[in-house]
$ cat data_21.cif   # mmCIF, C-alpha atoms
data_model
loop_
_atom_site.label_atom_id
_atom_site.label_comp_id
_atom_site.auth_asym_id
_atom_site.auth_seq_id
_atom_site.Cartn_x
_atom_site.Cartn_y
_atom_site.Cartn_z
CA MET A 1 0.00 0.00 0.00
CA LEU A 2 1.10 3.57 -0.78
CA SER A 3 0.68 5.95 2.15
CA ILE A 4 0.96 9.73 1.81
CA LYS A 5 0.94 11.50 5.17
CA HIS A 6 0.58 15.26 5.69
CA ILE A 7 2.54 16.32 2.60
CA SER A 8 3.06 20.08 2.35
CA LYS A 9 5.06 22.11 -0.16
CA ARG A 10 5.76 25.80 -0.68
CA TYR A 11 7.43 27.67 -3.50
CA GLY A 12 8.68 30.78 -1.74
CA ALA A 13 5.75 32.25 0.18
CA GLN A 14 3.19 30.43 -1.95
CA PRO A 15 1.74 27.22 -0.44
CA VAL A 16 1.17 24.61 -3.15
CA LEU A 17 0.25 21.57 -1.06
CA ARG A 18 -1.38 21.81 2.37
CA GLY A 19 -1.20 18.65 4.46
CA ILE A 20 -2.19 16.11 1.81
CA ALA A 21 -3.01 12.69 3.29
CA LEU A 22 -3.94 9.73 1.11
CA ASP A 23 -3.76 5.94 1.33
CA VAL A 24 -3.77 3.93 -1.89
CA ALA A 25 -4.57 0.22 -1.81
CA ALA A 26 -2.64 -2.30 -3.88
CA GLY A 27 -4.09 -2.54 -7.38
CA GLU A 28 -6.22 0.59 -7.00
CA PHE A 29 -6.57 3.17 -9.79
CA ILE A 30 -6.77 6.69 -8.38
CA SER A 31 -7.15 9.93 -10.32
CA LEU A 32 -5.89 13.22 -8.93
CA LEU A 33 -8.42 15.60 -10.48
CA GLY A 34 -8.47 19.36 -10.33
CA PRO A 35 -7.94 22.65 -12.16
CA SER A 36 -4.56 24.13 -13.05
CA GLY A 37 -2.70 25.27 -9.95
CA CYS A 38 -4.48 22.94 -7.51
CA GLY A 39 -1.24 21.07 -6.66
CA LYS A 40 -1.91 17.74 -8.36
CA THR A 41 1.19 17.82 -10.57
CA THR A 42 3.40 18.90 -7.68
CA LEU A 43 2.13 15.93 -5.68
CA LEU A 44 2.95 13.63 -8.60
CA ARG A 45 6.46 15.09 -8.85
CA ILE A 46 6.96 14.46 -5.13
CA LEU A 47 5.82 10.86 -5.60
CA CYS A 48 8.26 10.49 -8.50
CA GLY A 49 11.11 11.79 -6.37
CA ILE A 50 11.65 14.83 -8.60
CA GLU A 51 10.53 17.18 -5.81
CA THR A 52 11.00 16.92 -2.04
CA PRO A 53 8.15 17.82 0.34
CA ASP A 54 8.69 20.45 3.03
CA THR A 55 6.82 18.31 5.55
CA GLY A 56 5.21 14.90 5.61
CA SER A 57 6.19 11.43 4.49
CA ILE A 58 5.61 8.83 1.78
CA SER A 59 5.79 5.10 2.39
CA LEU A 60 5.35 2.14 0.08
CA GLY A 61 4.68 -1.29 1.51
CA GLY A 62 5.61 0.01 4.96
CA GLN A 63 8.99 1.41 3.82
CA ASP A 64 9.62 5.16 4.07
CA ILE A 65 10.70 6.43 0.63
CA THR A 66 10.36 10.18 1.27
CA GLN A 67 14.06 10.88 0.77
CA GLN A 68 14.69 8.07 -1.70
CA ALA A 69 16.10 9.08 -5.09
CA ALA A 70 13.78 8.85 -8.08
CA SER A 71 15.96 6.15 -9.66
CA GLN A 72 15.51 3.91 -6.62
CA ARG A 73 11.72 4.06 -6.41
CA ARG A 74 10.88 1.52 -9.15
CA PHE A 75 7.99 3.62 -10.38
CA GLY A 76 6.79 3.68 -13.98
CA VAL A 77 5.94 7.15 -15.29
CA VAL A 78 4.03 8.12 -18.43
CA PHE A 79 4.29 11.79 -19.39
CA GLN A 80 1.95 13.96 -21.42
CA SER A 81 4.72 14.53 -23.98
CA TYR A 82 5.49 10.79 -24.39
CA ALA A 83 9.24 11.47 -23.77
CA LEU A 84 10.34 8.86 -26.31
CA PHE A 85 13.87 8.84 -27.71
CA PRO A 86 13.54 9.78 -31.41
CA ASN A 87 16.79 8.05 -32.40
CA LEU A 88 15.78 4.69 -30.89
CA SER A 89 13.37 2.18 -32.37
CA VAL A 90 10.08 1.43 -30.65
CA ALA A 91 11.50 -1.80 -29.19
CA GLN A 92 14.66 -0.01 -28.02
CA ASN A 93 12.56 2.66 -26.31
CA VAL A 94 10.60 0.02 -24.41
CA ALA A 95 13.79 -1.84 -23.44
CA TYR A 96 15.57 1.32 -22.27
CA GLY A 97 14.78 0.82 -18.58
CA LEU A 98 15.77 -2.84 -18.56
CA GLN A 99 19.54 -2.44 -18.38
CA ASP A 100 19.76 -4.87 -15.46
CA LEU A 101 18.62 -7.72 -17.71
CA ALA A 102 20.64 -9.67 -20.24
CA ARG A 103 20.26 -8.42 -23.81
CA ARG A 104 18.13 -11.39 -24.90
CA ASP A 105 15.85 -10.95 -21.88
CA ARG A 106 15.55 -7.21 -22.57
CA GLN A 107 14.44 -7.87 -26.12
CA ALA A 108 11.96 -10.53 -25.04
CA ARG A 109 10.44 -8.30 -22.36
CA ALA A 110 10.17 -5.35 -24.77
CA LEU A 111 8.34 -7.48 -27.34
CA GLU A 112 6.08 -8.87 -24.62
CA MET A 113 5.08 -5.36 -23.58
CA LEU A 114 4.56 -4.22 -27.17
CA ASP A 115 2.34 -7.21 -27.76
CA LEU A 116 0.40 -6.29 -24.62
CA VAL A 117 -0.37 -2.82 -26.02
CA GLY A 118 -1.00 -4.13 -29.54
CA LEU A 119 2.13 -2.73 -31.18
CA ALA A 120 4.32 -5.81 -31.69
CA GLU A 121 4.33 -5.20 -35.47
CA GLN A 122 5.71 -1.68 -34.95
CA ALA A 123 8.77 -2.80 -32.96
CA ASN A 124 11.35 -1.74 -35.56
CA LYS A 125 9.79 1.60 -36.43
CA PHE A 126 10.87 4.93 -34.97
CA PRO A 127 8.57 7.16 -32.88
CA ALA A 128 8.13 9.72 -35.68
CA GLN A 129 6.57 7.00 -37.84
CA LEU A 130 3.77 6.41 -35.32
CA SER A 131 0.57 8.30 -34.54
CA GLY A 132 0.19 10.16 -31.26
CA GLY A 133 -1.95 7.39 -29.81
CA GLN A 134 0.60 4.76 -30.80
CA GLN A 135 3.44 6.80 -29.29
CA GLN A 136 1.58 7.04 -25.99
CA ARG A 137 1.06 3.27 -26.01
CA VAL A 138 4.81 2.85 -26.51
CA ALA A 139 5.39 5.15 -23.53
CA LEU A 140 2.97 3.04 -21.51
CA ALA A 141 4.74 -0.19 -22.54
CA ARG A 142 8.09 1.33 -21.53
CA ALA A 143 6.72 2.34 -18.12
CA LEU A 144 5.32 -1.16 -17.51
CA ALA A 145 8.34 -3.10 -18.79
CA PRO A 146 10.40 -3.04 -15.52
CA LYS A 147 7.37 -4.33 -13.55
CA PRO A 148 7.08 -1.15 -11.45
CA ALA A 149 5.61 -1.09 -7.96
CA LEU A 150 3.56 1.97 -8.92
CA LEU A 151 2.42 3.47 -12.23
CA LEU A 152 2.19 7.27 -12.41
CA LEU A 153 0.35 8.91 -15.31
CA ASP A 154 0.87 12.65 -15.87
CA GLU A 155 -1.98 13.94 -18.08
CA PRO A 156 -1.30 11.00 -20.42
CA LEU A 157 -4.12 11.69 -22.88
CA SER A 158 -4.33 15.48 -23.04
CA ALA A 159 -2.26 15.82 -26.24
CA LEU A 160 -4.41 13.37 -28.21
CA ASP A 161 -7.48 13.81 -30.39
CA ALA A 162 -10.84 13.27 -28.69
CA GLN A 163 -11.66 9.94 -30.36
CA VAL A 164 -8.16 8.58 -29.70
CA ARG A 165 -8.45 9.65 -26.03
CA VAL A 166 -11.67 7.70 -25.53
CA GLY A 167 -10.18 4.51 -26.96
CA LEU A 168 -6.87 4.82 -25.15
CA ARG A 169 -8.38 5.49 -21.73
CA SER A 170 -10.31 2.22 -22.04
CA GLU A 171 -7.12 0.43 -23.06
CA ILE A 172 -5.13 1.87 -20.14
CA ARG A 173 -7.84 0.82 -17.71
CA ARG A 174 -7.96 -2.69 -19.20
CA LEU A 175 -4.19 -3.10 -18.87
CA GLN A 176 -4.20 -1.74 -15.33
CA LYS A 177 -6.84 -4.26 -14.28
CA GLN A 178 -5.11 -7.10 -16.14
CA LEU A 179 -1.75 -6.42 -14.49
CA GLY A 180 -3.19 -5.40 -11.11
CA ILE A 181 -0.76 -2.49 -10.88
CA THR A 182 -1.39 0.35 -8.43
CA THR A 183 -1.91 3.51 -10.49
CA LEU A 184 -2.16 7.25 -9.87
CA MET A 185 -3.18 9.52 -12.73
CA VAL A 186 -3.09 13.32 -12.80
CA THR A 187 -5.79 14.87 -14.95
CA HIS A 188 -7.94 17.98 -15.29
CA ASP A 189 -10.42 16.06 -17.44
CA GLN A 190 -13.42 14.92 -15.42
CA ASP A 191 -14.48 12.42 -18.10
CA GLU A 192 -11.13 10.65 -17.81
CA ALA A 193 -11.29 10.60 -14.03
CA LEU A 194 -14.88 9.37 -13.86
CA SER A 195 -14.50 6.67 -16.51
CA MET A 196 -11.12 5.21 -15.51
CA SER A 197 -10.84 5.40 -11.72
CA ASP A 198 -11.70 3.27 -8.73
CA ARG A 199 -11.44 6.45 -6.69
CA VAL A 200 -11.25 10.12 -7.60
CA VAL A 201 -9.33 12.58 -5.41
CA LEU A 202 -10.56 16.09 -6.19
CA MET A 203 -7.98 18.75 -5.34
CA HIS A 204 -8.50 22.47 -4.83
CA GLN A 205 -6.00 25.10 -3.68
CA GLY A 206 -3.48 22.52 -2.48
CA GLN A 207 -5.94 20.44 -0.48
CA VAL A 208 -8.15 17.41 -0.98
CA GLU A 209 -11.63 18.83 -1.50
CA GLN A 210 -13.36 15.46 -1.76
CA GLN A 211 -12.49 11.86 -2.50
CA GLY A 212 -14.55 8.80 -3.25
CA SER A 213 -15.88 6.65 -6.04
CA PRO A 214 -16.72 8.43 -9.31
CA GLN A 215 -20.39 7.81 -8.59
CA ALA A 216 -20.15 9.34 -5.11
CA LEU A 217 -18.42 12.50 -6.35
CA TYR A 218 -21.02 12.97 -9.05
CA ALA A 219 -24.10 12.20 -6.96
CA ARG A 220 -23.05 13.58 -3.57
CA PRO A 221 -20.69 16.58 -3.87
CA VAL A 222 -19.69 18.02 -0.50
CA SER A 223 -19.07 21.62 -1.57
CA PRO A 224 -20.01 24.13 -4.27
CA PHE A 225 -16.57 23.65 -5.84
CA ALA A 226 -17.01 19.88 -6.04
CA ALA A 227 -20.52 20.29 -7.41
CA GLY A 228 -19.40 22.71 -10.10
CA PHE A 229 -16.20 20.96 -11.14
CA VAL A 230 -17.50 17.41 -11.53
CA GLY A 231 -20.22 17.52 -14.17
CA ARG A 232 -22.61 20.38 -14.86
CA MET A 233 -24.58 21.62 -11.87
CA ASN A 234 -27.11 24.39 -11.39
CA LEU A 235 -26.43 26.16 -8.08
CA LEU A 236 -29.31 28.27 -6.77
CA GLN A 237 -29.07 30.45 -3.67
CA ALA A 238 -31.83 29.56 -1.24
CA LEU A 239 -33.04 29.78 2.35
CA VAL A 240 -34.26 26.82 4.40
CA VAL A 241 -37.80 27.74 5.49
CA ALA A 242 -38.92 24.45 7.05
CA ALA A 243 -37.90 20.84 7.32
CA GLY A 244 -37.62 19.58 3.76
CA ARG A 245 -38.31 22.96 2.18
CA ALA A 246 -36.18 25.81 0.86
CA ARG A 247 -37.08 29.08 -0.83
CA VAL A 248 -35.37 30.32 -4.00
CA GLY A 249 -36.50 33.89 -4.60
CA THR A 250 -40.25 33.64 -4.02
CA GLN A 251 -40.45 29.99 -5.05
CA GLU A 252 -40.54 27.23 -2.44
CA LEU A 253 -38.97 23.89 -3.38
CA GLN A 254 -39.23 20.54 -1.67
CA CYS A 255 -35.80 18.98 -1.04
CA ASP A 256 -33.70 17.25 1.60
CA THR A 257 -32.58 19.88 4.14
CA HIS A 258 -32.01 17.63 7.16
CA GLU A 259 -28.41 18.85 7.59
CA PHE A 260 -29.51 22.49 7.97
CA LYS A 261 -31.56 24.47 10.46
CA THR A 262 -34.52 26.61 9.47
CA GLY A 263 -33.21 30.01 8.38
CA SER A 264 -29.92 28.64 7.02
CA PRO A 265 -28.72 30.03 3.68
CA VAL A 266 -27.91 27.16 1.31
CA LEU A 267 -27.10 26.41 -2.30
CA LEU A 268 -29.45 24.03 -4.07
CA GLY A 269 -27.63 21.92 -6.63
CA LEU A 270 -29.46 20.18 -9.43
CA ARG A 271 -28.03 18.43 -12.47
CA PRO A 272 -29.35 19.52 -15.89
CA GLU A 273 -30.21 15.92 -16.78
CA ALA A 274 -32.47 15.64 -13.69
CA ILE A 275 -34.83 18.30 -15.04
CA THR A 276 -37.78 17.32 -17.24
CA LEU A 277 -39.12 19.95 -19.64
CA ARG A 278 -42.70 20.04 -20.91
CA PRO A 279 -44.97 22.51 -22.67
CA ALA A 280 -46.36 25.28 -20.48
CA GLU A 281 -49.83 24.66 -21.93
CA LEU A 282 -50.06 21.22 -20.31
CA HIS A 283 -52.22 20.99 -17.22
CA GLY A 284 -50.39 21.09 -13.91
CA SER A 285 -49.85 23.54 -11.10
CA VAL A 286 -46.63 25.39 -10.43
CA GLY A 287 -45.05 24.71 -7.05
CA ILE A 288 -44.65 21.57 -4.95
CA ALA A 289 -46.61 18.59 -6.23
CA SER A 290 -47.91 15.84 -3.99
CA ASP A 291 -45.57 13.26 -5.55
CA ALA A 292 -42.45 15.15 -4.41
CA VAL A 293 -41.85 16.77 -7.80
CA ASN A 294 -41.29 20.53 -7.95
CA THR A 295 -42.77 22.29 -10.97
CA LEU A 296 -41.45 25.67 -12.11
CA ARG A 297 -42.42 27.98 -14.94
CA ALA A 298 -39.47 29.39 -16.87
CA LYS A 299 -38.62 31.23 -20.07
CA VAL A 300 -36.33 29.67 -22.67
CA LEU A 301 -33.31 31.93 -23.17
CA GLU A 302 -31.13 29.80 -25.41
CA THR A 303 -30.73 26.30 -26.83
CA VAL A 304 -27.31 24.79 -27.56
CA PHE A 305 -27.14 21.63 -29.66
CA LEU A 306 -24.55 19.20 -28.24
CA GLY A 307 -25.25 16.11 -30.33
CA PRO A 308 -26.79 13.51 -27.99
CA CYS A 309 -28.62 16.26 -26.14
CA THR A 310 -29.56 19.91 -26.35
CA LEU A 311 -28.62 22.23 -23.50
CA VAL A 312 -31.51 24.55 -22.69
CA ARG A 313 -30.84 27.72 -20.70
CA LEU A 314 -33.86 29.07 -18.87
CA HIS A 315 -34.86 31.88 -16.55
CA CYS A 316 -37.40 31.40 -13.77
CA GLU A 317 -38.71 34.79 -12.63
CA ALA A 318 -39.87 33.39 -9.30
CA CYS A 319 -36.35 32.15 -8.56
CA GLY A 320 -34.69 35.55 -8.90
CA ALA A 321 -33.46 38.01 -11.48
CA ASP A 322 -29.96 36.60 -11.95
CA ASP A 323 -30.35 32.83 -11.78
CA VAL A 324 -30.13 30.90 -15.06
CA ILE A 325 -31.13 27.24 -14.96
CA GLU A 326 -29.66 24.76 -17.43
CA ALA A 327 -31.57 21.64 -18.47
CA GLU A 328 -30.79 18.85 -20.92
CA LEU A 329 -33.22 17.61 -23.52
CA ALA A 330 -32.45 14.32 -25.27
CA THR A 331 -31.98 14.78 -29.01
CA PRO A 332 -34.81 13.15 -30.99
CA ARG A 333 -34.01 10.83 -33.88
CA ASP A 334 -34.44 13.56 -36.50
CA ALA A 335 -32.45 16.05 -34.36
CA THR A 336 -35.32 18.54 -34.59
CA LEU A 337 -36.27 20.44 -31.46
CA PRO A 338 -39.94 20.33 -30.42
CA ALA A 339 -41.99 23.33 -31.50
CA TRP A 340 -43.03 24.06 -27.90
CA LEU A 341 -39.41 24.64 -26.80
CA GLN A 342 -39.69 28.42 -26.95
CA GLY A 343 -41.26 31.12 -24.86
CA HIS A 344 -42.36 29.66 -21.53
CA VAL A 345 -42.10 26.00 -20.51
CA LEU A 346 -42.59 23.96 -17.35
CA LEU A 347 -39.73 22.33 -15.44
CA ASP A 348 -40.33 19.23 -13.35
CA ILE A 349 -37.61 18.70 -10.73
CA PRO A 350 -37.81 15.69 -8.37
CA ALA A 351 -37.14 16.65 -4.76
CA ALA A 352 -34.66 13.76 -4.52
CA ALA A 353 -32.60 15.31 -7.33
CA ILE A 354 -31.94 18.53 -5.39
CA HIS A 355 -28.77 18.54 -3.30
CA ALA A 356 -28.51 21.15 -0.51
CA LEU A 357 -25.02 22.53 0.17
CA ALA A 358 -23.70 25.02 2.70
CA GLN A 359 -23.58 28.45 1.14
CA PRO A 360 -20.15 30.16 1.32
CA LEU A 361 -20.11 33.39 3.30
CA SER A 362 -18.97 35.32 0.22
CA MET A 363 -22.16 34.37 -1.65
CA ARG A 364 -24.72 35.09 1.03
CA ARG A 365 -27.38 37.65 0.41
CA VAL A 366 -30.68 38.57 2.00
CA ALA A 367 -33.21 35.95 0.87
#

$ encode --input "data_21.cif" --output "structure tokens"
Amino acid sequence: MLSIKHISKRYGAQPVLRGIALDVAAGEFISLLGPSGCGKTTLLRILCGIETPDTGSISLGGQDITQQAASQRRFGVVFQSYALFPNLSVAQNVAYGLQDLARRDRQARALEMLDLVGLAEQANKFPAQLSGGQQQRVALARALAPKPALLLLDEPLSALDAQVRVGLRSEIRRLQKQLGITTLMVTHDQDEALSMSDRVVLMHQGQVEQQGSPQALYARPVSPFAAGFVGRMNLLQALVVAAGRARVGTQELQCDTHEFKTGSPVLLGLRPEAITLRPAELHGSVGIASDAVNTLRAKVLETVFLGPCTLVRLHCEACGADDVIEAELATPRDATLPAWLQGHVLLDIPAAAIHALAQPLSMRRVA
């Protein structure tokens, strides 16, 4: 098991990491997710041995490796830029870290790894003769060849085309499961983190904001930052007015407020895909329905075609002058929007789909 305890790092007066603590189980795939400047790459560099923490410790299998040189850590690293040697063949690149083996064994291991990533037929080519996706697979084979104790991936897919990224992230995950290798990946791409990881560690301003399964981060964010960074989320300022009820503007909504006292300012988070749109002419009252579905009346401001769905931006006058609500409408087979999707429409929002969060002091206003 990899154990990271209270790691802190400063560059001059600027704190970059603030007491990071994380335990990684053998064979687990963890993504360090966050925006630029959150500290995720610095943490990876400390794990590699390229940087030294100001405080804290790192242990692997019970052995303290905090001060151990990078060359002694037996970690495989895959960089965003591939970092392949242009003057060496594909097979020679993969064999580069196997100098402790006899030449015949090096060659056999390199071919074994290339076969594992589906590039055995490219062994004698040079990196420049390969596509970007193929080069990254060579880099992955090279990192895996020495049978590392830990695989570290530094934004491994960010330089690739979108379609290549989708295929390669599935391949990396398949290989990781097949080999059972403990893996940490740094990424700012939430799709990569959610689709590849056993656990996602969301970082913000040098700290762990939230960690858990991809499903937990998406369904149960613990803060406005987590709610806004992982997936799309409408965040509406509200006031708890009774048990299970909160007011947004002049509109009361039914939702789970058990963590908050009456009178508490909160943010109500709701995913665009949880909202059902229907024509305003259909029968039905606006407000809280008996079946725990909130119904709002809103004006369509804009529609944005995204392929599988259309993003609909709406304004609900009862909710306040500034709040814009985003909803998703599945694209019909002919990709034609319904004629009623203009002017005013009704929004059905299940109470169970609304997630109440503590409202930051900087956002609070008189409700």

$ resolve_selection --input "data_21.cif" --expression "the PyMOL selection byres ((chain A and resi 259-272) around 7)" --output "MDAnalysis selection string"
chainID A and resid 232:242 257:258 273:275 326:328 353:359 364

$ closest_atom_pairs --input "data_21.cif" --of "stretch 108-189 of chain A" --to "stretch 62-86 of chain A" --cutoff "6 Å" --atoms "all atoms listed in the file" --output "Markdown table"
| residue | atom | partner | partner_atom | distance |
| --- | --- | --- | --- | --- |
| A:Pro127 | CA | A:Pro86 | CA | 5.8 |
| A:Gln136 | CA | A:Tyr82 | CA | 5.6 |
| A:Ala139 | CA | A:Tyr82 | CA | 5.7 |
| A:Ala143 | CA | A:Gly76 | CA | 4.4 |
| A:Pro148 | CA | A:Phe75 | CA | 5.0 |
| A:Ala149 | CA | A:Phe75 | CA | 5.8 |
| A:Leu150 | CA | A:Phe75 | CA | 4.9 |
| A:Leu151 | CA | A:Gly76 | CA | 4.7 |
| A:Leu152 | CA | A:Val77 | CA | 4.7 |
| A:Leu153 | CA | A:Val78 | CA | 4.9 |
| A:Asp154 | CA | A:Phe79 | CA | 5.0 |
| A:Glu155 | CA | A:Gln80 | CA | 5.2 |
| A:Pro156 | CA | A:Gln80 | CA | 4.5 |

$ resolve_selection --input "data_21.cif" --expression "the PyMOL selection byres ((chain A and resi 165) around 12)" --output "CSV table (one decimal) with C-alpha atoms, in the frame of the given file"
chain,number,residue,atom,x,y,z
A,132,GLY,CA,0.2,10.2,-31.3
A,133,GLY,CA,-2.0,7.4,-29.8
A,134,GLN,CA,0.6,4.8,-30.8
A,136,GLN,CA,1.6,7.0,-26.0
A,137,ARG,CA,1.1,3.3,-26.0
A,155,GLU,CA,-2.0,13.9,-18.1
A,156,PRO,CA,-1.3,11.0,-20.4
A,157,LEU,CA,-4.1,11.7,-22.9
A,158,SER,CA,-4.3,15.5,-23.0
A,159,ALA,CA,-2.3,15.8,-26.2
A,160,LEU,CA,-4.4,13.4,-28.2
A,161,ASP,CA,-7.5,13.8,-30.4
A,162,ALA,CA,-10.8,13.3,-28.7
A,163,GLN,CA,-11.7,9.9,-30.4
A,164,VAL,CA,-8.2,8.6,-29.7
A,166,VAL,CA,-11.7,7.7,-25.5
A,167,GLY,CA,-10.2,4.5,-27.0
A,168,LEU,CA,-6.9,4.8,-25.2
A,169,ARG,CA,-8.4,5.5,-21.7
A,170,SER,CA,-10.3,2.2,-22.0
A,171,GLU,CA,-7.1,0.4,-23.1
A,172,ILE,CA,-5.1,1.9,-20.1
A,189,ASP,CA,-10.4,16.1,-17.4
A,191,ASP,CA,-14.5,12.4,-18.1
A,192,GLU,CA,-11.1,10.6,-17.8
A,195,SER,CA,-14.5,6.7,-16.5
A,196,MET,CA,-11.1,5.2,-15.5

$ closest_residue --input "data_21.cif" --among "A:Ala128, A:Leu194, A:Leu296, A:Leu2" --to "A:Tyr218" --atoms "all atoms listed in the file"
A:Leu194

$ residues_near_point --input "data_21.cif" --point "(9.4, 19.7, -3.1)" --cutoff "10 Å" --atoms "all atoms listed in the file" --output "ChimeraX atom specification"
/A:7-11,16-17,42-43,45-47,49-55

$ atom_distance --input "data_21.cif" --atom1 "atom CA of A:Val186" --atom2 "atom CA of A:Pro15"
19.2 Å

$ resolve_selection --input "data_21.cif" --expression "the PyMOL selection byres ((chain A and resi 254) around 8)" --output "list of chain:residue names"
A:Gly244, A:Arg245, A:Ala246, A:Glu252, A:Leu253, A:Cys255, A:Asp256, A:Ile288, A:Ala292, A:Val293, A:Asn294, A:Ala351

$ closest_residue --input "data_21.cif" --among "A:Val300, A:Leu346, A:Leu111, A:Cys316" --to "A:Arg278" --atoms "all atoms listed in the file"
A:Leu346

$ residues_around --input "data_21.cif" --residues "A:Ala123" --least-positions-apart "2" --cutoff "10 Å" --atoms "all atoms listed in the file" --output "PyMOL selection string"
chain A and resi 89-94+110-111+114-115+119-121+125-127+138

$ atom_distance --input "data_21.cif" --atom1 "atom CA of A:Phe29" --atom2 "atom CA of A:Val208"
16.8 Å

$ closest_residue --input "data_21.cif" --among "A:Leu179, A:Ile4, A:Leu202, A:Leu130" --to "A:Lys40" --atoms "only C-alpha atoms"
A:Leu202
